[in-house]
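Quick look at my_file05.cif (mmCIF, C-alpha atoms):
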```cif
data_query
loop_
_atom_site.label_atom_id
_atom_site.label_comp_id
_atom_site.auth_asym_id
_atom_site.auth_seq_id
_atom_site.Cartn_x
_atom_site.Cartn_y
_atom_site.Cartn_z
CA MET A 21 35.25 13.25 -32.48
CA GLY A 22 31.87 14.70 -31.43
CA ASP A 23 30.38 11.22 -30.94
CA GLY A 24 32.74 10.41 -28.06
CA LEU A 25 31.38 13.30 -26.00
CA ARG A 26 27.77 12.22 -26.43
CA ASP A 27 28.42 8.67 -25.24
CA LYS A 28 29.77 9.76 -21.86
CA PRO A 29 26.99 10.69 -19.39
CA GLY A 30 27.12 14.06 -17.67
CA VAL A 31 27.96 14.68 -14.02
CA ALA A 32 24.31 15.22 -13.03
CA SER A 33 23.23 12.07 -14.85
CA ARG A 34 25.88 9.97 -13.13
CA PHE A 35 24.98 11.49 -9.73
CA PHE A 36 21.26 10.74 -10.08
CA HIS A 37 22.00 7.28 -11.44
CA SER A 38 24.18 6.51 -8.40
CA LEU A 39 21.38 7.76 -6.10
CA GLU A 40 18.90 5.56 -7.94
CA VAL A 41 21.18 2.52 -7.59
CA LYS A 42 21.65 3.14 -3.84
CA TYR A 43 17.90 3.67 -3.36
CA GLN A 44 17.13 0.40 -5.16
CA TYR A 45 19.81 -1.40 -3.14
CA TYR A 46 18.25 -0.38 0.17
CA LEU A 47 14.75 -1.16 -1.10
CA ASP A 48 15.93 -4.64 -2.08
CA ARG A 49 17.51 -5.11 1.34
CA LEU A 50 14.26 -4.07 3.09
CA THR A 51 11.94 -6.21 0.94
CA PRO A 52 11.98 -9.44 3.02
CA HIS A 53 11.63 -7.57 6.35
CA THR A 54 7.90 -6.83 6.41
CA ALA A 55 7.68 -5.96 10.11
CA VAL A 56 10.67 -3.61 9.94
CA ARG A 57 9.21 -1.84 6.91
CA TRP A 58 5.86 -1.25 8.60
CA VAL A 59 7.53 -0.06 11.82
CA ILE A 60 9.41 2.51 9.71
CA ALA A 61 6.11 3.49 8.09
CA LEU A 62 4.42 3.83 11.48
CA ILE A 63 7.26 5.98 12.82
CA SER A 64 7.07 8.27 9.79
CA LEU A 65 3.27 8.49 10.18
CA VAL A 66 3.61 9.38 13.87
CA PHE A 67 6.18 12.03 12.96
CA PHE A 68 3.78 13.49 10.36
CA ALA A 69 0.84 13.45 12.80
CA SER A 70 2.88 15.06 15.57
CA ARG A 71 4.02 17.73 13.13
CA ILE A 72 0.38 18.45 12.20
CA LEU A 73 -0.64 18.63 15.87
CA LEU A 74 2.30 20.80 16.95
CA LEU A 75 1.91 23.25 14.07
CA GLN A 76 -1.91 23.29 14.33
CA GLY A 77 -2.08 23.60 10.56
CA PHE A 78 -1.73 21.77 7.25
CA PHE A 79 -5.05 19.99 7.82
CA ILE A 80 -5.77 19.90 4.10
CA VAL A 81 -2.47 18.04 3.57
CA ALA A 82 -3.45 15.55 6.27
CA TYR A 83 -6.88 15.12 4.70
CA ALA A 84 -5.43 14.57 1.22
CA VAL A 85 -2.89 12.02 2.42
CA GLY A 86 -5.61 10.29 4.47
CA ILE A 87 -7.77 9.91 1.37
CA TYR A 88 -4.76 8.54 -0.48
CA TYR A 89 -4.11 6.03 2.34
CA LEU A 90 -7.75 4.94 2.13
CA ASN A 91 -7.44 4.45 -1.62
CA LEU A 92 -4.27 2.38 -1.16
CA PHE A 93 -5.94 0.25 1.51
CA LEU A 94 -8.93 -0.43 -0.72
CA LEU A 95 -6.65 -1.45 -3.58
CA PHE A 96 -4.81 -3.72 -1.13
CA LEU A 97 -8.09 -5.42 -0.16
CA THR A 98 -9.36 -5.77 -3.71
CA PRO A 99 -8.56 -8.84 -5.82
CA SER A 100 -6.60 -8.25 -9.02
CA ILE A 101 -9.44 -9.76 -11.04
CA ASP A 102 -12.74 -8.30 -9.87
CA PRO A 103 -15.22 -11.16 -9.40
CA ALA A 104 -18.11 -8.78 -10.06
CA LEU A 105 -16.91 -8.30 -13.63
CA GLU A 106 -15.93 -11.93 -14.15
CA PHE A 107 -19.17 -13.50 -12.93
CA GLU A 108 -21.93 -11.07 -13.92
CA ASP A 109 -24.09 -13.78 -15.52
CA GLU A 110 -24.13 -16.10 -12.51
CA ASP A 111 -26.46 -15.36 -9.61
CA ASP A 112 -24.35 -16.99 -6.89
CA GLY A 113 -20.96 -15.69 -8.00
CA PRO A 114 -17.71 -17.60 -7.58
CA VAL A 115 -17.28 -20.07 -4.77
CA LEU A 116 -14.26 -21.59 -3.12
CA PRO A 117 -13.35 -25.12 -4.14
CA SER A 118 -15.36 -27.67 -2.20
CA LYS A 119 -14.08 -30.87 -3.81
CA THR A 120 -10.59 -32.14 -4.33
CA ASN A 121 -10.85 -31.86 -8.11
CA ASP A 122 -12.00 -28.20 -8.01
CA GLU A 123 -9.48 -25.57 -9.03
CA PHE A 124 -7.93 -23.57 -6.18
CA ARG A 125 -7.18 -19.96 -6.99
CA PRO A 126 -5.25 -18.06 -4.34
CA PHE A 127 -6.14 -14.47 -3.51
CA MET A 128 -4.13 -12.14 -5.74
CA ARG A 129 -4.20 -8.51 -4.66
CA ARG A 130 -4.64 -5.59 -6.99
CA LEU A 131 -1.95 -3.81 -4.96
CA PRO A 132 0.70 -6.13 -3.44
CA GLU A 133 1.88 -5.51 0.11
CA PHE A 134 5.32 -4.19 -0.85
CA LYS A 135 3.89 -1.69 -3.34
CA PHE A 136 1.33 -0.70 -0.72
CA TRP A 137 4.13 0.01 1.77
CA HIS A 138 6.26 1.80 -0.84
CA SER A 139 3.39 4.07 -1.92
CA PHE A 140 2.48 4.66 1.73
CA MET A 141 6.04 5.75 2.52
CA LYS A 142 6.31 8.01 -0.53
CA ALA A 143 3.00 9.69 0.32
CA THR A 144 4.01 10.17 3.95
CA LEU A 145 7.38 11.67 3.04
CA ILE A 146 5.75 13.99 0.49
CA ALA A 147 3.19 15.05 3.12
CA ILE A 148 5.95 15.70 5.67
CA THR A 149 7.78 17.79 3.07
CA CYS A 150 4.61 19.79 2.38
CA THR A 151 4.43 20.78 6.06
CA PHE A 152 7.66 22.78 5.63
CA PHE A 153 6.05 25.16 3.13
CA GLU A 154 3.49 27.74 4.26
CA PHE A 155 1.86 27.59 0.83
CA PHE A 156 0.19 24.29 1.75
CA ASP A 157 -1.21 25.62 5.03
CA VAL A 158 -4.66 26.43 3.67
CA PRO A 159 -7.02 27.63 6.42
CA VAL A 160 -9.90 25.15 6.77
CA PHE A 161 -12.31 24.16 9.51
CA TRP A 162 -10.72 20.83 10.39
CA PRO A 163 -13.63 19.17 12.28
CA ILE A 164 -15.62 19.08 9.04
CA LEU A 165 -12.70 17.42 7.25
CA VAL A 166 -12.37 14.82 10.01
CA MET A 167 -16.11 14.11 9.98
CA TYR A 168 -16.20 13.85 6.19
CA PHE A 169 -13.14 11.55 6.20
CA PHE A 170 -14.73 9.17 8.72
CA ILE A 171 -18.03 9.10 6.81
CA LEU A 172 -16.18 8.42 3.55
CA THR A 173 -14.08 5.69 5.22
CA PHE A 174 -17.15 4.05 6.74
CA LEU A 175 -19.10 4.03 3.48
CA THR A 176 -16.26 2.75 1.30
CA LEU A 177 -15.22 0.03 3.74
CA LYS A 178 -18.85 -1.03 4.12
CA ARG A 179 -19.11 -1.35 0.34
CA GLN A 180 -15.85 -3.33 0.24
CA ILE A 181 -16.97 -5.70 3.01
CA MET A 182 -20.29 -6.27 1.26
CA HIS A 183 -18.33 -7.08 -1.93
CA MET A 184 -16.21 -9.58 0.04
CA ILE A 185 -19.29 -11.24 1.47
CA LYS A 186 -21.09 -11.40 -1.87
CA TYR A 187 -18.17 -12.98 -3.74
CA ARG A 188 -16.86 -14.99 -0.76
CA TYR A 189 -13.24 -13.97 -0.58
CA ILE A 190 -11.00 -13.10 2.35
CA PRO A 191 -7.98 -10.92 1.56
CA PHE A 192 -5.98 -12.06 4.58
CA THR A 193 -4.28 -15.36 5.29
CA VAL A 194 -5.22 -15.45 8.98
CA GLY A 195 -6.98 -18.71 9.73
CA LYS A 196 -6.42 -20.22 6.30
CA PRO A 197 -4.72 -23.63 6.22
CA ARG A 198 -1.09 -23.60 5.11
CA MET A 199 0.66 -26.41 3.35
CA GLN A 200 3.80 -27.53 5.16
CA GLY A 201 6.62 -29.70 3.93
CA LYS A 202 8.52 -32.33 5.85
CA GLU A 203 10.62 -31.32 8.82
CA ASP A 204 14.29 -30.80 8.02
CA THR A 205 16.29 -32.92 10.44
CA GLY A 206 19.59 -31.50 9.29
CA LYS A 207 21.03 -34.95 8.62
CA VAL A 208 22.56 -35.56 5.23
CA VAL A 209 22.14 -39.08 3.93
CA VAL A 210 24.88 -40.18 1.53
CA GLY A 211 23.86 -43.17 -0.48
#
```

Show this structure as structure tokens.
Amino acid sequence: MGDGLRDKPGVASRFFHSLEVKYQYYLDRLTPHTAVRWVIALISLVFFASRILLLQGFFIVAYAVGIYYLNLFLLFLTPSIDPALEFEDEDDGPVLPSKTNDEFRPFMRRLPEFKFWHSFMKATLIAITCTFFEFFDVPVFWPILVMYFFILTFLTLKRQIMHMIKYRYIPFTVGKPRMQGKEDTGKVVVG
């Protein structure tokens, strides 16, 4: 008789499970719409920035989320298998295939685009939430934070670009040739 009560989930458990299912449903619906997702991210970022500017506070929250964005961006630019670790013995490092019998390995990101967007959105929403609590409004001299952020961004992106040049990889598909199939004429041939 006591076992029947344990098998049935509680009200709170069912509520949070239904929220989780709805959240996953809308995430799945947004997945193929890359431009829409990034427009939503940009709108939320503009809302966060306007909130920081209007309140003239929460600069430490903005700095922390900016560092997190930089970390996400670097993970997005980095290949999943670091060529520096894979090719330490060779002087030239890996090269792209130059002959037809060479193996082609596409660029695989350490952080895929969807996870990048999802983490970006979560961080932005958490940062917006933090601006509603005075506890996070730590008084700091914001020009130093801005200067330090730009120096840190410059140095880390310079290191990443030098890594890209050394190991000859481009993390974007702009300008790369794409394979295309035959045109679909829409005619069905019954034979």

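Of the listed residues (A:Pro163, A:Pro99, A:Gly86, A:Pro191), A:Pro99 comes nearest to A:Leu131; the distances count only C-alpha atoms.
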
Kindly provide, as a tab-separated table (two decimals) with C-alpha atoms, keeping the file's coordinate frame, the polymer residues lying within 9 Å of (-6.5, 20.2, 3.1), counting all atoms listed in the file and using the coordinates exactly as they appear in the file.
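What follows is the written file point16.tsv:
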```
chain	number	residue	atom	x	y	z
A	78	PHE	CA	-1.73	21.77	7.25
A	79	PHE	CA	-5.05	19.99	7.82
A	80	ILE	CA	-5.77	19.90	4.10
A	81	VAL	CA	-2.47	18.04	3.57
A	82	ALA	CA	-3.45	15.55	6.27
A	83	TYR	CA	-6.88	15.12	4.70
A	84	ALA	CA	-5.43	14.57	1.22
A	85	VAL	CA	-2.89	12.02	2.42
A	156	PHE	CA	0.19	24.29	1.75
A	157	ASP	CA	-1.21	25.62	5.03
A	158	VAL	CA	-4.66	26.43	3.67
A	159	PRO	CA	-7.02	27.63	6.42
A	160	VAL	CA	-9.90	25.15	6.77
A	162	TRP	CA	-10.72	20.83	10.39
A	165	LEU	CA	-12.70	17.42	7.25
```

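Using only C-alpha atoms, the nearest neighbour of A:Ala143 within the list A:Ile171, A:Leu97, A:Ile181, A:Leu90 is A:Leu90.
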
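Of the residues under consideration (A:Phe93, A:Phe153, A:Phe174, A:Tyr187), A:Phe93 shows the shortest atom-to-atom contact distance to A:Phe136 when counting all atoms listed in the file.
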
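Among A:Glu133, A:Lys186, A:Met167, A:Ile146, the residue with the shortest atom-to-atom distance to A:Pro52, counting only C-alpha atoms, is A:Glu133.
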
Q. Within 12 Å of A:Phe134, counting all atoms listed in the file, which residues qualify if same-chain residues fewer than 4 places away don't, as JSON, numbers by chain?
A. {"A": [47, 48, 50, 51, 52, 53, 54, 55, 57, 58, 61, 92, 96, 129, 130, 138, 139, 140, 141]}

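What separates atom CA of A:Gln180 from atom CA of A:Ile101 is a distance of 14.5 Å.
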
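With atom CA of A:Val66 on one side and atom CA of A:Thr144 on the other, the separation reads 10.0 Å.
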
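Put simply, atom CA of A:Ile60 is 9.9 Å away from atom CA of A:Trp137.
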
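Proximity of A:Leu94, A:Phe35, A:Lys28, A:Tyr88 to A:Leu177, computed with only C-alpha atoms, is greatest for A:Leu94.
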
Starting from the incomplete input, reconstruct N, CA and C atoms of stretch 42-53 of chain A and write that as a CSV table (one decimal), keeping the file's coordinate frame.
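Writing done, so here's rebuild04.csv:
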```csv
chain,number,residue,atom,x,y,z
A,42,LYS,N,21.6,3.3,-5.3
A,42,LYS,CA,21.6,3.1,-3.8
A,42,LYS,C,20.2,3.0,-3.3
A,43,TYR,N,19.3,3.8,-3.8
A,43,TYR,CA,17.9,3.7,-3.4
A,43,TYR,C,17.4,2.3,-3.6
A,44,GLN,N,17.6,1.7,-4.8
A,44,GLN,CA,17.1,0.4,-5.2
A,44,GLN,C,17.8,-0.7,-4.3
A,45,TYR,N,19.1,-0.5,-4.0
A,45,TYR,CA,19.8,-1.4,-3.1
A,45,TYR,C,19.2,-1.5,-1.8
A,46,TYR,N,18.9,-0.4,-1.2
A,46,TYR,CA,18.2,-0.4,0.2
A,46,TYR,C,16.8,-0.9,0.1
A,47,LEU,N,16.1,-0.6,-0.9
A,47,LEU,CA,14.8,-1.2,-1.1
A,47,LEU,C,14.8,-2.7,-1.2
A,48,ASP,N,15.8,-3.2,-2.0
A,48,ASP,CA,15.9,-4.6,-2.1
A,48,ASP,C,16.3,-5.3,-0.7
A,49,ARG,N,17.1,-4.6,0.0
A,49,ARG,CA,17.5,-5.1,1.3
A,49,ARG,C,16.3,-5.1,2.3
A,50,LEU,N,15.4,-4.2,2.2
A,50,LEU,CA,14.3,-4.1,3.1
A,50,LEU,C,13.1,-5.0,2.7
A,51,THR,N,13.1,-5.5,1.5
A,51,THR,CA,11.9,-6.2,0.9
A,51,THR,C,11.5,-7.4,1.8
A,52,PRO,N,12.4,-8.3,2.2
A,52,PRO,CA,12.0,-9.4,3.0
A,52,PRO,C,11.6,-9.1,4.5
A,53,HIS,N,11.9,-7.9,5.0
A,53,HIS,CA,11.6,-7.6,6.4
A,53,HIS,C,10.3,-6.8,6.5
```
